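Data from input.txt: compact mmCIF, C-alpha atoms
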```txt
# COMPACT_ATOMS: atom_id res chain seq x y z
CA MET A 1 -151.40 -64.76 -37.13
CA PRO A 2 -149.35 -62.21 -39.09
CA ARG A 3 -147.18 -63.76 -41.77
CA ASN A 4 -143.90 -62.85 -40.06
CA ASP A 5 -145.03 -64.41 -36.82
CA LYS A 6 -146.07 -67.58 -38.62
CA MET A 7 -142.71 -67.77 -40.33
CA GLU A 8 -140.93 -67.23 -37.04
CA LYS A 9 -143.01 -69.96 -35.41
CA ASP A 10 -142.43 -72.42 -38.23
CA LYS A 11 -138.70 -71.72 -38.14
CA TRP A 12 -138.61 -72.19 -34.39
CA ILE A 13 -140.48 -75.51 -34.65
CA GLU A 14 -138.20 -76.67 -37.46
CA ASN A 15 -135.12 -75.84 -35.38
CA ILE A 16 -136.47 -77.89 -32.51
CA LEU A 17 -137.40 -80.90 -34.64
CA ASN A 18 -133.95 -80.84 -36.26
CA SER A 19 -132.01 -80.15 -33.05
CA THR A 20 -130.82 -83.77 -32.82
CA ASN A 21 -129.34 -83.78 -36.32
CA GLY A 22 -125.69 -84.76 -36.11
CA ILE A 23 -126.08 -86.04 -32.56
CA THR A 24 -122.99 -87.95 -31.45
CA GLN A 25 -122.85 -91.01 -29.24
CA VAL A 26 -121.88 -90.51 -25.64
CA ASN A 27 -119.68 -92.85 -23.63
CA PRO A 28 -121.05 -94.35 -20.44
CA ASN A 29 -119.14 -94.37 -17.16
CA ASP A 30 -115.88 -96.41 -17.29
CA GLN A 31 -117.00 -98.43 -14.27
CA LEU A 32 -120.17 -99.66 -15.97
CA PHE A 33 -118.78 -102.99 -17.10
CA SER A 34 -117.43 -103.71 -13.61
CA LYS A 35 -120.86 -102.98 -12.14
CA ILE A 36 -122.46 -105.37 -14.62
CA GLN A 37 -119.91 -108.09 -13.80
CA ALA A 38 -120.58 -107.59 -10.09
CA LYS A 39 -124.33 -108.00 -10.63
CA ILE A 40 -123.77 -111.15 -12.70
CA ASN A 41 -121.66 -112.62 -9.88
CA ASP A 42 -124.32 -111.69 -7.32
CA GLN A 43 -126.91 -113.47 -9.44
CA LYS A 44 -124.76 -116.61 -9.61
CA THR A 45 -124.30 -116.56 -5.82
CA ALA A 46 -128.05 -116.22 -5.30
CA GLU A 47 -128.72 -119.08 -7.75
CA ASN A 48 -126.23 -121.36 -5.96
CA TYR A 49 -127.76 -120.50 -2.59
CA THR A 50 -131.23 -121.35 -3.93
CA LYS A 51 -130.01 -124.68 -5.31
CA TRP A 52 -128.45 -125.63 -1.95
CA LEU A 53 -131.63 -124.61 -0.15
CA VAL A 54 -133.76 -126.78 -2.42
CA ALA A 55 -131.37 -129.73 -2.05
CA ALA A 56 -131.32 -129.38 1.73
CA SER A 57 -135.13 -129.20 1.84
CA ILE A 58 -135.40 -132.42 -0.18
CA VAL A 59 -132.93 -134.17 2.15
CA VAL A 60 -134.89 -133.03 5.23
CA LEU A 61 -138.19 -134.17 3.71
CA LEU A 62 -136.77 -137.55 2.74
CA SER A 63 -135.32 -137.99 6.23
CA LEU A 64 -138.63 -137.14 7.86
CA ASN A 65 -140.50 -139.51 5.57
CA THR A 66 -138.01 -142.31 6.16
CA THR A 67 -138.17 -141.81 9.92
CA TYR A 68 -141.96 -141.86 9.81
CA LEU A 69 -142.05 -145.02 7.70
CA ILE A 70 -139.55 -146.79 9.97
CA GLN A 71 -141.52 -145.81 13.06
CA LYS A 72 -144.76 -146.91 11.47
CA SER A 73 -143.18 -150.20 10.49
CA ASN A 74 -141.96 -150.72 14.06
CA THR A 75 -145.41 -149.90 15.43
CA ASN A 76 -147.04 -152.39 13.06
CA LYS A 77 -144.51 -155.08 14.01
CA GLN A 78 -145.16 -154.38 17.69
CA SER A 79 -148.86 -154.62 17.08
CA ASN A 80 -148.51 -157.89 15.17
CA ASP A 81 -146.32 -159.33 17.93
CA ASN A 82 -148.98 -158.39 20.49
CA ILE A 83 -151.72 -160.05 18.47
CA THR A 84 -149.62 -163.15 17.96
CA SER A 85 -148.83 -163.48 21.65
CA LEU A 86 -152.48 -162.87 22.50
CA VAL A 87 -153.52 -165.66 20.17
CA ASP A 88 -150.95 -167.99 21.65
CA THR A 89 -152.08 -167.43 25.24
CA VAL A 90 -155.79 -167.47 24.67
CA ASN A 91 -157.41 -170.74 25.40
CA ASN A 92 -158.55 -172.05 22.04
CA GLN A 93 -160.80 -174.50 23.49
CA LEU A 94 -164.24 -174.15 22.08
CA TYR A 95 -165.78 -175.70 25.00
CA MET B 1 -112.76 -118.34 -20.57
CA THR B 2 -115.95 -120.12 -21.65
CA GLN B 3 -117.49 -119.55 -25.07
CA ILE B 4 -120.47 -117.71 -23.59
CA LYS B 5 -118.31 -115.45 -21.43
CA ARG B 6 -116.08 -114.64 -24.39
CA ASN B 7 -119.14 -113.86 -26.52
CA PHE B 8 -120.72 -111.74 -23.79
CA ASN B 9 -117.58 -109.65 -23.41
CA SER B 10 -117.38 -109.07 -27.15
CA VAL B 11 -121.10 -108.25 -27.33
CA TYR B 12 -120.63 -105.72 -24.55
CA ASN B 13 -117.60 -104.15 -26.23
CA GLU B 14 -119.41 -103.88 -29.53
CA TYR B 15 -122.80 -102.67 -28.35
CA ASN B 16 -122.49 -100.86 -25.02
CA LEU B 17 -122.49 -97.44 -26.74
CA LEU B 18 -125.60 -98.30 -28.74
CA VAL B 19 -127.51 -99.53 -25.69
CA TYR B 20 -126.46 -96.64 -23.47
CA ASN B 21 -127.33 -93.98 -26.04
CA VAL B 22 -130.73 -95.45 -26.89
CA ALA B 23 -131.53 -95.56 -23.17
CA LEU B 24 -130.28 -91.99 -22.75
CA ASN B 25 -132.57 -90.77 -25.52
CA TYR B 26 -135.50 -92.43 -23.78
CA VAL B 27 -134.97 -91.45 -20.18
CA GLN B 28 -132.89 -88.27 -20.58
CA ASN B 29 -130.90 -88.88 -17.45
CA VAL B 30 -127.34 -90.19 -17.28
CA GLU B 31 -127.74 -92.29 -14.08
CA ASP B 32 -131.01 -93.82 -15.25
CA ALA B 33 -129.50 -94.63 -18.65
CA GLU B 34 -126.62 -96.42 -16.91
CA GLU B 35 -129.04 -98.40 -14.78
CA ILE B 36 -130.99 -99.45 -17.86
CA THR B 37 -127.76 -100.40 -19.63
CA GLN B 38 -126.86 -102.66 -16.72
CA ASP B 39 -130.30 -104.30 -16.83
CA VAL B 40 -130.04 -104.82 -20.58
CA PHE B 41 -126.68 -106.54 -20.37
CA LEU B 42 -127.80 -108.71 -17.46
CA LYS B 43 -130.64 -109.88 -19.66
CA VAL B 44 -128.23 -110.40 -22.52
CA HIS B 45 -125.97 -112.47 -20.27
CA GLU B 46 -128.92 -114.66 -19.21
CA SER B 47 -130.27 -115.12 -22.73
CA LEU B 48 -127.23 -115.08 -25.01
CA SER B 49 -126.98 -118.85 -25.20
CA ASP B 50 -130.68 -119.03 -26.19
CA PHE B 51 -130.41 -116.36 -28.88
CA LYS B 52 -131.72 -118.08 -31.96
CA GLU B 53 -130.59 -115.51 -34.53
CA ASN B 54 -134.09 -115.01 -35.93
CA SER B 55 -133.02 -111.39 -36.12
CA SER B 56 -129.62 -109.76 -36.04
CA LEU B 57 -127.87 -109.28 -32.71
CA LYS B 58 -128.15 -105.51 -33.15
CA THR B 59 -131.92 -105.71 -33.66
CA TRP B 60 -132.25 -107.99 -30.64
CA LEU B 61 -130.29 -105.58 -28.48
CA TYR B 62 -132.33 -102.64 -29.68
CA ARG B 63 -135.53 -104.48 -28.74
CA ILE B 64 -134.32 -105.34 -25.26
CA THR B 65 -133.13 -101.77 -24.71
CA VAL B 66 -136.41 -100.23 -25.89
CA ASN B 67 -138.44 -102.59 -23.68
CA GLN B 68 -136.23 -102.02 -20.63
CA SER B 69 -136.40 -98.24 -21.15
CA LEU B 70 -140.19 -98.25 -21.43
CA ASP B 71 -140.50 -100.49 -18.35
CA PHE B 72 -138.18 -98.19 -16.44
CA ILE B 73 -140.29 -95.15 -17.32
CA LYS B 74 -143.49 -96.93 -16.31
CA ARG B 75 -141.99 -97.91 -12.94
CA LYS B 76 -140.74 -94.39 -12.34
CA ASN B 77 -144.08 -92.87 -13.28
CA SER B 78 -146.05 -95.22 -11.08
CA LYS B 79 -143.88 -94.19 -8.10
CA LYS B 80 -144.37 -90.52 -8.96
CA ARG B 81 -148.14 -90.96 -9.09
CA PHE B 82 -148.15 -91.72 -5.40
CA PHE B 83 -145.56 -89.24 -4.26
CA ILE B 84 -146.38 -85.99 -5.96
CA PHE B 85 -148.14 -83.98 -3.30
CA GLY B 86 -148.62 -87.22 -1.35
CA LYS B 87 -151.52 -88.41 -3.46
CA LYS B 88 -152.19 -89.84 -6.86
CA SER B 89 -151.29 -87.14 -9.32
CA GLN B 90 -153.47 -86.68 -12.38
CA ASN B 91 -151.13 -84.17 -13.95
CA GLU B 92 -149.51 -85.94 -16.88
CA PHE B 93 -147.26 -82.93 -17.49
CA GLU B 94 -145.75 -83.31 -14.00
CA LEU B 95 -145.47 -87.02 -14.38
CA THR B 96 -143.90 -87.30 -17.79
CA ASN B 97 -142.22 -83.99 -18.42
CA VAL B 98 -138.48 -83.94 -18.01
CA SER B 99 -137.14 -80.49 -18.48
CA ASP B 100 -133.64 -79.11 -18.69
CA PHE B 101 -132.01 -82.25 -20.02
CA GLU B 102 -128.83 -81.27 -21.80
CA HIS B 103 -127.89 -84.19 -24.01
CA PRO B 104 -124.07 -84.32 -24.00
CA GLY B 105 -124.00 -85.48 -27.62
CA ILE B 106 -125.76 -82.43 -29.03
CA LEU B 107 -124.02 -79.34 -30.37
CA LEU B 108 -124.00 -76.43 -27.94
CA GLU B 109 -125.86 -74.08 -30.25
CA ARG B 110 -128.71 -76.60 -30.49
CA GLN B 111 -128.95 -77.46 -26.79
CA GLU B 112 -131.82 -75.08 -26.01
CA TYR B 113 -133.89 -76.41 -28.91
CA ALA B 114 -133.04 -80.01 -27.98
CA LYS B 115 -134.18 -79.41 -24.37
CA VAL B 116 -137.61 -78.42 -25.65
CA LEU B 117 -137.71 -81.40 -28.03
CA PHE B 118 -136.87 -83.97 -25.35
CA SER B 119 -139.45 -82.54 -22.98
CA ILE B 120 -142.16 -82.70 -25.65
CA ILE B 121 -141.16 -86.19 -26.85
CA ASN B 122 -142.07 -87.49 -23.39
CA THR B 123 -145.71 -86.52 -23.93
CA LEU B 124 -146.06 -88.75 -26.99
CA PRO B 125 -147.76 -92.17 -26.81
CA GLU B 126 -145.23 -94.99 -26.38
CA ASN B 127 -145.28 -96.28 -29.96
CA GLN B 128 -144.95 -92.85 -31.48
CA LYS B 129 -142.15 -91.97 -29.07
CA THR B 130 -140.27 -95.17 -29.94
CA ALA B 131 -140.69 -94.72 -33.68
CA PHE B 132 -139.63 -91.07 -33.49
CA ILE B 133 -136.57 -91.71 -31.31
CA LEU B 134 -135.34 -94.64 -33.40
CA SER B 135 -135.99 -92.90 -36.70
CA LYS B 136 -135.24 -89.26 -36.05
CA VAL B 137 -132.83 -89.28 -33.13
CA ASP B 138 -130.99 -92.56 -33.71
CA GLY B 139 -131.20 -92.13 -37.48
CA LEU B 140 -132.38 -95.65 -38.26
CA SER B 141 -134.10 -96.40 -41.56
CA ASN B 142 -137.79 -97.33 -41.64
CA PRO B 143 -137.01 -101.01 -42.43
CA GLU B 144 -134.66 -101.13 -39.43
CA VAL B 145 -137.26 -99.54 -37.17
CA SER B 146 -139.93 -101.91 -38.47
CA GLU B 147 -137.74 -104.92 -37.61
CA ILE B 148 -137.05 -103.64 -34.11
CA MET B 149 -140.67 -102.76 -33.38
CA GLU B 150 -141.96 -105.84 -35.21
CA ILE B 151 -144.46 -103.84 -37.22
CA SER B 152 -144.78 -103.13 -40.92
CA ILE B 153 -142.79 -100.41 -42.64
CA SER B 154 -146.00 -98.53 -43.43
CA ALA B 155 -146.93 -98.68 -39.73
CA VAL B 156 -143.57 -97.10 -38.89
CA GLU B 157 -144.14 -94.35 -41.45
CA SER B 158 -147.57 -93.71 -39.99
CA LEU B 159 -146.23 -93.55 -36.43
CA VAL B 160 -143.43 -91.15 -37.37
CA PHE B 161 -145.85 -88.98 -39.32
CA ARG B 162 -148.29 -88.84 -36.41
CA ALA B 163 -145.48 -88.19 -33.94
CA LYS B 164 -144.25 -85.23 -35.96
CA LYS B 165 -147.78 -83.90 -36.37
CA GLU B 166 -148.41 -84.12 -32.63
CA LEU B 167 -145.05 -82.57 -31.81
CA LYS B 168 -145.77 -79.64 -34.15
CA GLU B 169 -149.15 -79.06 -32.54
CA LYS B 170 -147.66 -79.05 -29.05
CA LEU B 171 -144.77 -76.88 -30.12
CA SER B 172 -147.22 -74.37 -31.61
CA ILE B 173 -148.70 -73.96 -28.16
CA LYS B 174 -145.26 -73.79 -26.57
CA PHE B 175 -144.23 -71.11 -29.05
CA GLU B 176 -146.62 -68.67 -27.39
CA GLU B 177 -144.83 -69.15 -24.03
CA TYR B 178 -141.47 -68.82 -25.77
CA ARG B 179 -142.49 -65.52 -27.32
CA LYS B 180 -143.77 -64.13 -24.02
CA ASN B 181 -140.48 -65.04 -22.29
CA LYS B 182 -138.30 -63.66 -25.09
```
Structure rendered as structure tokens:
Amino acid sequence: MPRNDKMEKDKWIENILNSTNGITQVNPNDQLFSKIQAKINDQKTAENYTKWLVAASIVVLLSLNTTYLIQKSNTNKQSNDNITSLVDTVNNQLY
Amino acid sequence: MTQIKRNFNSVYNEYNLLVYNVALNYVQNVEDAEEITQDVFLKVHESLSDFKENSSLKTWLYRITVNQSLDFIKRKNSKKRFFIFGKKSQNEFELTNVSDFEHPGILLERQEYAKVLFSIINTLPENQKTAFILSKVDGLSNPEVSEIMEISISAVESLVFRAKKELKEKLSIKFEEYRKNK
């Protein structure tokens, strides 16, 4: 490459690499903070909804379990009563 | 106003310019930079009470911003891979090159040069790009960059050196196009 061309190329490259010298900071949109606040509030709403959902699920599960246990207990009692009455009526005579 | 809310507001007031401008240097698009800034401050809001001050607040914010910017670029590129010509694109130039970005903070007489620089920066590997942007564009010292990137100072120097070397090589090739179009 002729010397002049090389110098021109090097100068061009140097200008590009130094093009951000003295760069100034740019301001974002004025509404940005409001958008962030809105997203934070949305997140809080979603978190509260999730907490209520979990709490409601636990209540439903507990209710179902309690109902099942009560029913089972009633069934066992019924069964015991039946056995008891059967024993009472059966003739215990061994002969 | 709670302590955390008061702190968050003051953190935002103090650092929103920093975060926005770092993001802008990464993604070279005003709307994308705003989106990243929102994501950064959401993360800050979630984590501010857990901030243990192992580093300065500024360093912490830089780290979050760099990570969010890199994640944003990865997400954008992975969408592009499927949508360019309707199939996975193998053309890295198409995928990563952002042309015609006029950074509003750069002097008018340097805009054309800066456009070329920002387009070429996008072709650098992530670490080199980060080190170059923080050091050369943001003007941070090597110790500051090393703290943000959590690498040694000599590693930062090496990354910046390699970034410049790679940029010069690519610009040498681009110079030929520039001369033809002159």
Pull the closest atom pair for each residue of region 97-151 of chain B that gets at most 10 Å from region 53-77 of chain B, along with the distance in Å to one decimal, counting only C-alpha atoms, ordering rows by chain and then ascending residue number, as a tab-separated table.
```
residue	atom	partner	partner_atom	distance
B:Asn122	CA	B:Ile73	CA	9.9
B:Glu126	CA	B:Leu70	CA	7.8
B:Thr130	CA	B:Val66	CA	7.5
B:Leu134	CA	B:Tyr62	CA	9.3
B:Glu144	CA	B:Thr59	CA	7.9
B:Val145	CA	B:Thr59	CA	8.9
B:Glu147	CA	B:Thr59	CA	7.1
B:Ile148	CA	B:Thr59	CA	5.6
B:Met149	CA	B:Arg63	CA	7.1
B:Glu150	CA	B:Arg63	CA	9.2
```
Residue list as a ChimeraX atom specification for point (-128.3, -95.6, -13.6), cut-off 12 Å, all atoms listed in the file: /A:28-29,31-32,35-36 /B:20,23-24,27-40,69,72
Can you write just those residues out, C-alpha atoms, as an mmCIF file, in the coordinates of the input?
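Result file follows (selection-v1.cif):
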```
data_model
loop_
_atom_site.group_PDB
_atom_site.id
_atom_site.type_symbol
_atom_site.label_atom_id
_atom_site.label_comp_id
_atom_site.auth_asym_id
_atom_site.auth_seq_id
_atom_site.Cartn_x
_atom_site.Cartn_y
_atom_site.Cartn_z
ATOM 1 C CA PRO A 28 -121.050 -94.350 -20.440
ATOM 2 C CA ASN A 29 -119.140 -94.370 -17.160
ATOM 3 C CA GLN A 31 -117.000 -98.430 -14.270
ATOM 4 C CA LEU A 32 -120.170 -99.660 -15.970
ATOM 5 C CA LYS A 35 -120.860 -102.980 -12.140
ATOM 6 C CA ILE A 36 -122.460 -105.370 -14.620
ATOM 7 C CA TYR B 20 -126.460 -96.640 -23.470
ATOM 8 C CA ALA B 23 -131.530 -95.560 -23.170
ATOM 9 C CA LEU B 24 -130.280 -91.990 -22.750
ATOM 10 C CA VAL B 27 -134.970 -91.450 -20.180
ATOM 11 C CA GLN B 28 -132.890 -88.270 -20.580
ATOM 12 C CA ASN B 29 -130.900 -88.880 -17.450
ATOM 13 C CA VAL B 30 -127.340 -90.190 -17.280
ATOM 14 C CA GLU B 31 -127.740 -92.290 -14.080
ATOM 15 C CA ASP B 32 -131.010 -93.820 -15.250
ATOM 16 C CA ALA B 33 -129.500 -94.630 -18.650
ATOM 17 C CA GLU B 34 -126.620 -96.420 -16.910
ATOM 18 C CA GLU B 35 -129.040 -98.400 -14.780
ATOM 19 C CA ILE B 36 -130.990 -99.450 -17.860
ATOM 20 C CA THR B 37 -127.760 -100.400 -19.630
ATOM 21 C CA GLN B 38 -126.860 -102.660 -16.720
ATOM 22 C CA ASP B 39 -130.300 -104.300 -16.830
ATOM 23 C CA VAL B 40 -130.040 -104.820 -20.580
ATOM 24 C CA SER B 69 -136.400 -98.240 -21.150
ATOM 25 C CA PHE B 72 -138.180 -98.190 -16.440
#
```
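With only C-alpha atoms taken into account, chain B has Leu17, Tyr20, Asn21, Glu34, Gln38, Leu42, Pro104, Gly105, Ile106, Arg110, Tyr113, Ala114, Val116, Leu117, Val137, Lys168, Leu171 and Phe175 of chain B at most 7 Å from chain A.
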Between CA of Tyr26 (chain B) and CA of Glu109 (chain B), distance in Å (one decimal): 21.7 Å
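Here CA of Ile120 (chain B) stands at a distance of 25.4 Å from CA of Pro143 (chain B).
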Nearest to Ser47 (chain B), chosen from B:Asn7, B:Ser152, B:Ser135, B:Thr123, with all atoms listed in the file counted in the distances: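 Nearest candidate to Ser47 (chain B) out of B:Asn7, B:Ser152, B:Ser135, B:Thr123: B:Asn7.
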Option closest in space to Glu14 (chain B), from B:Ala163, B:Phe41, B:Asn142, B:Arg179 [counting all atoms listed in the file]: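 Among the listed residues, B:Phe41 lies closest to Glu14 (chain B).
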